[in-house]
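J.: Sharing target37.cif, mmCIF, C-alpha atoms:
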data_protein
#
loop_
_atom_site.label_atom_id
_atom_site.label_comp_id
_atom_site.auth_asym_id
_atom_site.auth_seq_id
_atom_site.Cartn_x
_atom_site.Cartn_y
_atom_site.Cartn_z
CA MET A 1315 37.40 -71.88 58.48
CA SER A 1316 40.03 -72.26 61.23
CA VAL A 1317 40.91 -69.45 63.65
CA LEU A 1318 44.37 -69.14 62.08
CA TRP A 1319 42.88 -68.56 58.64
CA TRP A 1320 40.53 -65.92 60.06
CA ILE A 1321 43.58 -64.16 61.53
CA VAL A 1322 45.62 -64.37 58.32
CA LEU A 1323 42.81 -63.20 56.03
CA SER A 1324 41.81 -60.33 58.34
CA GLY A 1325 45.45 -59.27 58.49
CA LEU A 1326 45.82 -59.25 54.71
CA ALA A 1327 42.56 -57.31 54.41
CA MET A 1328 43.93 -54.71 56.81
CA GLY A 1329 47.06 -54.51 54.68
CA LEU A 1330 44.94 -53.73 51.62
CA LEU A 1331 43.39 -50.82 53.51
CA SER A 1332 46.83 -49.18 53.53
CA LEU A 1333 46.39 -48.69 49.77
CA VAL A 1334 43.51 -46.28 50.38
CA GLY A 1335 46.03 -43.45 50.04
CA GLY A 1336 46.33 -44.46 46.40
CA VAL A 1337 43.13 -42.57 45.62
CA ALA A 1338 45.29 -39.47 45.85
CA LEU A 1339 47.24 -40.72 42.83
CA LEU A 1340 44.12 -40.18 40.74
CA LEU A 1341 44.19 -36.44 41.46
CA PRO A 1342 46.01 -33.88 39.29
CA GLU A 1343 49.38 -32.89 40.78
CA ARG A 1344 48.33 -29.33 41.64
CA THR A 1345 45.16 -30.57 43.30
CA PHE A 1346 47.10 -33.13 45.30
CA GLU A 1347 49.56 -30.46 46.47
CA ARG A 1348 46.61 -28.50 47.84
CA VAL A 1349 45.30 -31.46 49.84
CA VAL A 1350 48.61 -32.66 51.33
CA LEU A 1351 48.57 -30.35 54.36
CA PRO A 1352 44.88 -31.02 55.09
CA LEU A 1353 45.78 -34.73 55.06
CA VAL A 1354 48.65 -34.02 57.45
CA ALA A 1355 46.19 -32.20 59.74
CA LEU A 1356 43.77 -35.13 59.47
CA ALA A 1357 46.56 -37.52 60.44
CA ALA A 1358 47.54 -35.39 63.43
CA GLY A 1359 43.99 -35.57 64.73
CA ALA A 1360 43.75 -39.30 64.00
CA LEU A 1361 47.05 -40.04 65.76
CA LEU A 1362 46.08 -38.04 68.83
CA GLY A 1363 42.59 -39.57 68.81
CA GLY A 1364 43.99 -43.07 68.48
CA ALA A 1365 46.39 -42.51 71.39
CA LEU A 1366 43.97 -40.70 73.71
CA PHE A 1367 40.62 -42.36 72.94
CA HIS A 1368 41.72 -45.92 72.15
CA MET A 1369 45.24 -46.91 73.16
CA LEU A 1370 45.42 -45.25 76.60
CA PRO A 1371 41.99 -46.46 77.75
CA GLU A 1372 42.83 -49.97 76.53
CA SER A 1373 46.14 -49.77 78.40
CA VAL A 1374 44.44 -48.81 81.65
CA ARG A 1375 41.78 -51.49 81.14
CA ALA A 1376 44.39 -54.19 80.51
CA LEU A 1377 47.11 -53.12 82.95
CA GLY A 1378 45.27 -51.04 85.54
CA ASN A 1379 45.57 -47.35 86.29
CA HIS A 1380 49.14 -47.62 87.52
CA LEU A 1381 52.12 -45.30 87.16
CA TYR A 1382 54.04 -47.68 84.93
CA VAL A 1383 51.37 -47.32 82.23
CA TYR A 1384 52.25 -43.64 81.93
CA VAL A 1385 55.95 -44.44 82.23
CA CYS A 1386 55.50 -46.61 79.13
CA VAL A 1387 53.81 -43.67 77.36
CA ALA A 1388 56.75 -41.43 78.29
CA ALA A 1389 59.18 -44.12 77.12
CA GLY A 1390 57.41 -44.30 73.77
CA LEU A 1391 57.60 -40.54 73.39
CA LEU A 1392 61.26 -40.43 74.44
CA SER A 1393 62.22 -43.26 72.11
CA PHE A 1394 60.95 -41.31 69.11
CA LEU A 1395 62.72 -38.15 70.25
CA VAL A 1396 65.98 -40.13 70.37
CA LEU A 1397 65.20 -41.80 67.04
CA GLU A 1398 64.52 -38.48 65.35
CA GLN A 1399 67.73 -37.01 66.76
CA PHE A 1400 69.65 -40.02 65.43
CA LEU A 1401 68.08 -39.74 61.99
CA HIS A 1402 69.01 -36.05 61.84
CA TRP A 1403 72.58 -36.98 62.79
CA HIS A 1404 72.65 -39.88 60.36
CA HIS A 1405 71.84 -37.47 57.52
CA CYS A 1406 74.15 -34.76 58.79
CA HIS A 1407 75.76 -34.37 55.34
CA ARG A 1408 72.54 -32.66 54.28
CA PRO A 1409 70.85 -29.65 55.88
CA ILE A 1410 68.12 -30.64 58.33
CA ALA A 1411 65.62 -28.54 56.41
CA ALA A 1412 66.43 -30.56 53.28
CA HIS A 1413 65.79 -33.91 54.88
CA ARG A 1414 63.29 -34.36 57.69
CA PRO A 1415 63.04 -37.83 59.21
CA LEU A 1416 59.28 -37.49 59.74
CA GLY A 1417 58.45 -39.99 57.02
CA TYR A 1418 60.59 -42.66 58.64
CA LEU A 1419 59.09 -41.95 62.06
CA VAL A 1420 55.59 -42.33 60.65
CA LEU A 1421 56.49 -45.68 59.10
CA VAL A 1422 58.09 -46.97 62.30
CA ALA A 1423 55.12 -45.80 64.40
CA ASP A 1424 52.60 -47.15 61.93
CA GLY A 1425 54.43 -50.47 61.71
CA LEU A 1426 54.44 -50.77 65.51
CA HIS A 1427 50.81 -49.67 65.70
CA ASN A 1428 49.78 -52.23 63.08
CA PHE A 1429 51.78 -54.93 64.85
CA ILE A 1430 50.00 -54.17 68.13
CA GLY A 1431 46.67 -54.06 66.29
CA GLY A 1432 47.43 -57.47 64.82
CA LEU A 1433 48.21 -58.79 68.28
CA ALA A 1434 44.90 -57.42 69.57
CA VAL A 1435 42.79 -58.74 66.69
CA GLY A 1436 44.57 -62.10 66.70
CA SER A 1437 43.95 -62.46 70.43
CA ALA A 1438 40.27 -61.56 69.93
CA PHE A 1439 39.90 -64.25 67.25
CA VAL A 1440 41.46 -66.80 69.60
CA VAL A 1441 38.80 -65.95 72.20
CA ASP A 1442 35.86 -65.92 69.77
CA VAL A 1443 35.61 -65.52 66.00
CA ARG A 1444 32.71 -63.05 66.31
CA LEU A 1445 34.70 -60.96 68.76
CA GLY A 1446 37.59 -61.02 66.32
CA VAL A 1447 35.40 -59.74 63.47
CA VAL A 1448 34.04 -56.89 65.62
CA THR A 1449 37.55 -55.98 66.79
CA TRP A 1450 38.79 -55.96 63.20
CA LEU A 1451 35.93 -53.68 62.09
CA VAL A 1452 36.74 -51.21 64.88
CA ALA A 1453 40.42 -51.25 63.92
CA ALA A 1454 39.57 -50.79 60.23
CA ALA A 1455 37.27 -47.85 60.97
CA HIS A 1456 40.12 -45.74 62.31
CA GLU A 1457 42.71 -47.15 59.89
CA VAL A 1458 41.17 -45.43 56.84
CA PRO A 1459 41.60 -41.78 57.95
CA GLN A 1460 44.96 -42.64 59.46
CA GLU A 1461 46.28 -44.24 56.25
CA LEU A 1462 45.07 -41.28 54.18
CA GLY A 1463 46.89 -38.97 56.55
CA ASP A 1464 50.05 -41.11 56.58
CA PHE A 1465 50.17 -41.05 52.79
CA GLY A 1466 49.93 -37.27 52.82
CA ILE A 1467 52.68 -37.03 55.46
CA LEU A 1468 55.09 -39.18 53.45
CA VAL A 1469 54.53 -37.17 50.28
CA HIS A 1470 54.84 -33.91 52.23
CA SER A 1471 58.18 -35.23 53.57
CA GLY A 1472 59.51 -35.51 50.02
CA TRP A 1473 58.60 -39.08 49.10
CA SER A 1474 57.19 -39.85 45.67
CA PRO A 1475 53.55 -41.00 45.76
CA ALA A 1476 54.45 -44.47 44.45
CA ARG A 1477 57.20 -44.92 47.05
CA ALA A 1478 54.92 -43.66 49.81
CA LEU A 1479 52.25 -46.15 48.82
CA ALA A 1480 54.71 -49.06 48.66
CA PHE A 1481 56.25 -48.34 52.07
CA ASN A 1482 52.82 -47.73 53.60
CA LEU A 1483 51.82 -51.20 52.41
CA ALA A 1484 55.03 -52.68 53.83
CA SER A 1485 54.39 -51.16 57.25
CA ALA A 1486 50.82 -52.49 57.16
CA LEU A 1487 52.06 -56.07 56.74
CA THR A 1488 53.16 -56.05 60.38
CA PHE A 1489 49.44 -56.41 61.18
CA PRO A 1490 49.11 -60.05 59.97
CA LEU A 1491 52.51 -60.73 61.56
CA GLY A 1492 51.17 -59.57 64.91
CA GLY A 1493 48.04 -61.66 64.46
CA VAL A 1494 49.98 -64.85 63.78
CA ILE A 1495 52.30 -64.20 66.75
CA ALA A 1496 49.26 -63.63 68.99
CA TYR A 1497 47.83 -66.96 67.82
CA SER A 1498 51.06 -68.79 68.58
CA LEU A 1499 51.65 -67.15 71.98
CA ALA A 1500 48.05 -66.82 73.18
CA GLY A 1501 47.79 -67.35 76.90
CA GLU A 1502 51.55 -67.35 77.49
CA VAL A 1503 52.77 -63.74 77.11
CA ASP A 1504 51.22 -60.41 78.15
CA ILE A 1505 51.88 -58.00 75.28
CA ALA A 1506 49.61 -55.25 76.62
CA VAL A 1507 52.63 -53.17 77.68
CA LEU A 1508 53.30 -52.35 74.01
CA VAL A 1509 50.01 -50.44 73.75
CA PRO A 1510 50.94 -47.43 75.97
CA PHE A 1511 54.44 -47.43 74.45
CA ALA A 1512 52.94 -47.08 70.96
CA ALA A 1513 50.58 -44.38 72.26
CA GLY A 1514 53.67 -42.38 73.25
CA ASN A 1515 55.03 -42.80 69.71
CA PHE A 1516 51.80 -41.43 68.26
CA LEU A 1517 51.70 -38.50 70.67
CA TYR A 1518 55.24 -37.49 69.75
CA ILE A 1519 54.60 -37.52 66.00
CA ALA A 1520 51.34 -35.61 66.30
CA VAL A 1521 52.56 -32.91 68.69
CA ALA A 1522 56.24 -32.54 67.80
CA ASP A 1523 56.13 -33.04 64.03
CA LEU A 1524 52.67 -32.67 62.53
CA LEU A 1525 51.04 -29.81 64.42
CA PRO A 1526 53.96 -27.42 63.74
CA GLU A 1527 53.56 -28.20 60.03
CA ILE A 1528 49.92 -27.12 59.89
CA THR A 1529 50.34 -23.94 61.97
CA THR A 1530 52.85 -22.23 59.68
CA SER A 1531 50.46 -21.16 56.92
CA PRO A 1532 49.78 -17.40 57.04
CA ALA A 1533 46.49 -17.58 55.13
CA PRO A 1534 43.43 -17.43 57.43
CA ARG A 1535 41.41 -19.67 55.09
CA GLU A 1536 44.08 -22.38 55.22
CA LYS A 1537 44.32 -22.10 59.00
CA VAL A 1538 40.59 -22.73 59.27
CA LEU A 1539 40.78 -25.67 56.84
CA HIS A 1540 43.71 -27.28 58.64
CA THR A 1541 42.04 -26.85 62.02
CA ALA A 1542 38.84 -28.38 60.68
CA CYS A 1543 40.73 -31.39 59.30
CA PHE A 1544 42.52 -31.83 62.62
CA VAL A 1545 39.20 -31.74 64.49
CA LEU A 1546 37.73 -34.20 61.97
CA GLY A 1547 40.55 -36.66 62.67
CA LEU A 1548 39.89 -36.37 66.40
CA ALA A 1549 36.13 -36.63 65.93
CA VAL A 1550 36.29 -39.79 63.80
CA LEU A 1551 38.42 -41.59 66.38
CA LEU A 1552 36.21 -40.33 69.20
CA GLY A 1553 33.12 -41.55 67.35
CA VAL A 1554 34.65 -44.99 66.87
CA ALA A 1555 35.51 -45.13 70.59
CA VAL A 1556 31.97 -44.15 71.61
CA LEU A 1557 30.28 -46.61 69.25
CA ALA A 1558 32.66 -49.52 69.89
#
What's the structure tokens form of this structure?
T.:
Amino acid sequence: MSVLWWIVLSGLAMGLLSLVGGVALLLPERTFERVVLPLVALAAGALLGGALFHMLPESVRALGNHLYVYVCVAAGLLSFLVLEQFLHWHHCHRPIAAHRPLGYLVLVADGLHNFIGGLAVGSAFVVDVRLGVVTWLVAAAHEVPQELGDFGILVHSGWSPARALAFNLASALTFPLGGVIAYSLAGEVDIAVLVPFAAGNFLYIAVADLLPEITTSPAPREKVLHTACFVLGLAVLLGVAVLA
């Protein structure tokens, strides 16, 4: 099988992983409502873990420990602040509390993250098919908890489960797109600068949008549960980084 077919098939397989959130559709509505915030907490941990344990180290490894790496992180964070402000303004005919742009931010960040992941996996396949398979497995390992969390975030933001699943799948299709672009541009363009930028996107969503959501519950039992799910998200991504 040619390298291009490896890239395309691995990209489509990653897209199918975005449907893992669909398992939540099998739950009764009241049960699902109880697990939405724990999923949000899981996603916050996964996003922070992905940014801190994977994307930033990869950025430093690829670009060096230079100031512009952290400038790119800040630019990624700032871009989402501006985007969120614009989305609030764009929907100014409705109260902010009635329409939060978090769902759209998650989709944009996830689409960019998947695109960068596709670039990375595609580049690895170009170097060596075995390296590409290993890189894909590492990416898939942290994609599962992240996609579960993303699904919970979208539903918590007011999306219907079916719509959340469809848009999650759409954002995942940027992964094979990135892989094909990496194949066509391999050796000509350095796309590593997108990695710290995307890390800044993830940091903004986790800290500015998700963590405030899971700290508002007054019930001590729920606080413990949400904290545990947040730590689990961090721990899974840390474990993947250690074992990779």
J.: Quick one: of A:Gly1431, A:Pro1526, A:Gly1329, A:Gly1501, who's nearest to Leu1351 in chain A, counting all atoms listed in the file?
T.: A:Pro1526
J.: Restricting the calculation to all atoms listed in the file: of A:Ala1355, A:Ala1522, A:Val1385, A:Ala1327, which residue gets closest to Glu1398 in chain A?
T.: A:Ala1522
J.: Spell out the residues picked by the PyMOL selection byres ((chain A and resi 1368) around 12) here, as a ChimeraX atom specification.
T.: /A:1360-1367,1369-1375,1427,1431,1452-1453,1456,1509-1510,1512-1513,1516,1548,1550-1558
J.: List every residue of range 1464-1549 of chain A that has an atom at most 6 Å from any atom of range 1389-1392 of chain A, and for each one report the closest atom pair and its distance in Å to one decimal, counting only C-alpha atoms, with rows sorted by chain and then by increasing residue number, as CSV.
T.:
residue,atom,partner,partner_atom,distance
A:Phe1511,CA,A:Gly1390,CA,4.4
A:Ala1512,CA,A:Gly1390,CA,6.0
A:Gly1514,CA,A:Gly1390,CA,4.2
A:Asn1515,CA,A:Gly1390,CA,4.9
A:Tyr1518,CA,A:Leu1391,CA,5.3
J.: Write out as a list in words each polymer residue whose atoms come within 12 Å of range 1534-1541 of chain A, counting all atoms listed in the file; drop sequence neighbours fewer than 5 positions from it.
T.: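 In the requested form, the answer reads Arg1348, Val1349, Val1350, Leu1351, Pro1352, Leu1353, Val1354, Ala1355, Leu1356, Ala1357, Ala1358, Gly1359, Leu1524, Leu1525, Pro1526, Glu1527, Ile1528, Thr1529, Leu1546, Gly1547 and Leu1548 of chain A.
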J.: Go through A:Ile1321, A:Ala1484, A:Val1545, A:Ile1519 and flag the residue nearest Leu1445 in chain A, using only C-alpha atoms for the distances.
T.: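 Going through A:Ile1321, A:Ala1484, A:Val1545, A:Ile1519 one by one, the smallest distance to Leu1445 in chain A is for A:Ile1321.
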J.: Looking at A:Ala1476, A:Leu1462, A:Leu1499, A:Leu1517, which one is nearest to Leu1433 in chain A, with distances taken over all atoms listed in the file?
T.: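 Of all the options, A:Leu1499 lies closest to Leu1433 in chain A.
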J.: What is the CA of Phe1544 in chain A to CA of Arg1477 in chain A distance in Å?
T.: 25.1 Å
J.: When you draw a straight line from CA of Leu1416 in chain A to CA of Gly1436 in chain A, how long is it in Å?
T.: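 Atom-to-atom, CA of Leu1416 in chain A and CA of Gly1436 in chain A are spaced 29.5 Å apart.
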J.: What's the separation between CA of Ala1542 in chain A and CA of Gly1466 in chain A, in Å to one decimal place?
T.: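 Calculated distance between CA of Ala1542 in chain A and CA of Gly1466 in chain A is 16.2 Å.
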J.: Got a sec: who's within 10 Å of range 1315-1317 of chain A, counting only C-alpha atoms, leaving out chain neighbours fewer than 6 positions off, as an MDAnalysis selection string?
T.: chainID A and resid 1436 1439:1443 1446 1497
J.: With C-alpha atoms retained, could you export that selection as a short mmCIF file (atom, residue, chain, number, x, y, z; two decimals), in the coordinates of the input?
T.:
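After the write, selection30.cif holds the following:
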data_model
loop_
_atom_site.label_atom_id
_atom_site.label_comp_id
_atom_site.auth_asym_id
_atom_site.auth_seq_id
_atom_site.Cartn_x
_atom_site.Cartn_y
_atom_site.Cartn_z
CA GLY A 1436 44.57 -62.10 66.70
CA PHE A 1439 39.90 -64.25 67.25
CA VAL A 1440 41.46 -66.80 69.60
CA VAL A 1441 38.80 -65.95 72.20
CA ASP A 1442 35.86 -65.92 69.77
CA VAL A 1443 35.61 -65.52 66.00
CA GLY A 1446 37.59 -61.02 66.32
CA TYR A 1497 47.83 -66.96 67.82
#
J.: Considering all atoms listed in the file, can you say which of A:Asp1504, A:Glu1343, A:Asp1523, A:Glu1461 comes closest to Ile1430 in chain A?
T.: A:Asp1504
J.: Have a look at A:Cys1543, A:Val1420, A:Leu1333, A:Val1507 and name the one nearest to His1470 in chain A; count all atoms listed in the file.
T.: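 Looking at the shortest contact to His1470 in chain A, the residue is A:Val1420.
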J.: For Leu1421 in chain A, please output as number ranges by chain all residues within 10 Å (counting all atoms listed in the file; exclusion window: fewer than 4 positions along the same chain).
T.: A: 1416-1417, 1425-1427, 1464, 1468, 1478, 1481-1486
J.: Let's have the selection written as a PDB file, keeping the file's coordinate frame, with C-alpha atoms.
T.:
ATOM      1  CA  LEU A1416      59.280 -37.490  59.740  1.00  0.00           C
ATOM      2  CA  GLY A1417      58.450 -39.990  57.020  1.00  0.00           C
ATOM      3  CA  GLY A1425      54.430 -50.470  61.710  1.00  0.00           C
ATOM      4  CA  LEU A1426      54.440 -50.770  65.510  1.00  0.00           C
ATOM      5  CA  HIS A1427      50.810 -49.670  65.700  1.00  0.00           C
ATOM      6  CA  ASP A1464      50.050 -41.110  56.580  1.00  0.00           C
ATOM      7  CA  LEU A1468      55.090 -39.180  53.450  1.00  0.00           C
ATOM      8  CA  ALA A1478      54.920 -43.660  49.810  1.00  0.00           C
ATOM      9  CA  PHE A1481      56.250 -48.340  52.070  1.00  0.00           C
ATOM     10  CA  ASN A1482      52.820 -47.730  53.600  1.00  0.00           C
ATOM     11  CA  LEU A1483      51.820 -51.200  52.410  1.00  0.00           C
ATOM     12  CA  ALA A1484      55.030 -52.680  53.830  1.00  0.00           C
ATOM     13  CA  SER A1485      54.390 -51.160  57.250  1.00  0.00           C
ATOM     14  CA  ALA A1486      50.820 -52.490  57.160  1.00  0.00           C
TER      15      ALA A1486
END
J.: First collect every listed atom of range 1354-1364 of chain A; then fit an axis-aligned box around them, widen it by 3 Å on each side, and give centre and edge lengths in Å to one decimal, as lines of an AutoDock Vina configuration file.
T.:
center_x = 45.6
center_y = -37.6
center_z = 63.1
size_x = 12.1
size_y = 16.9
size_z = 17.4
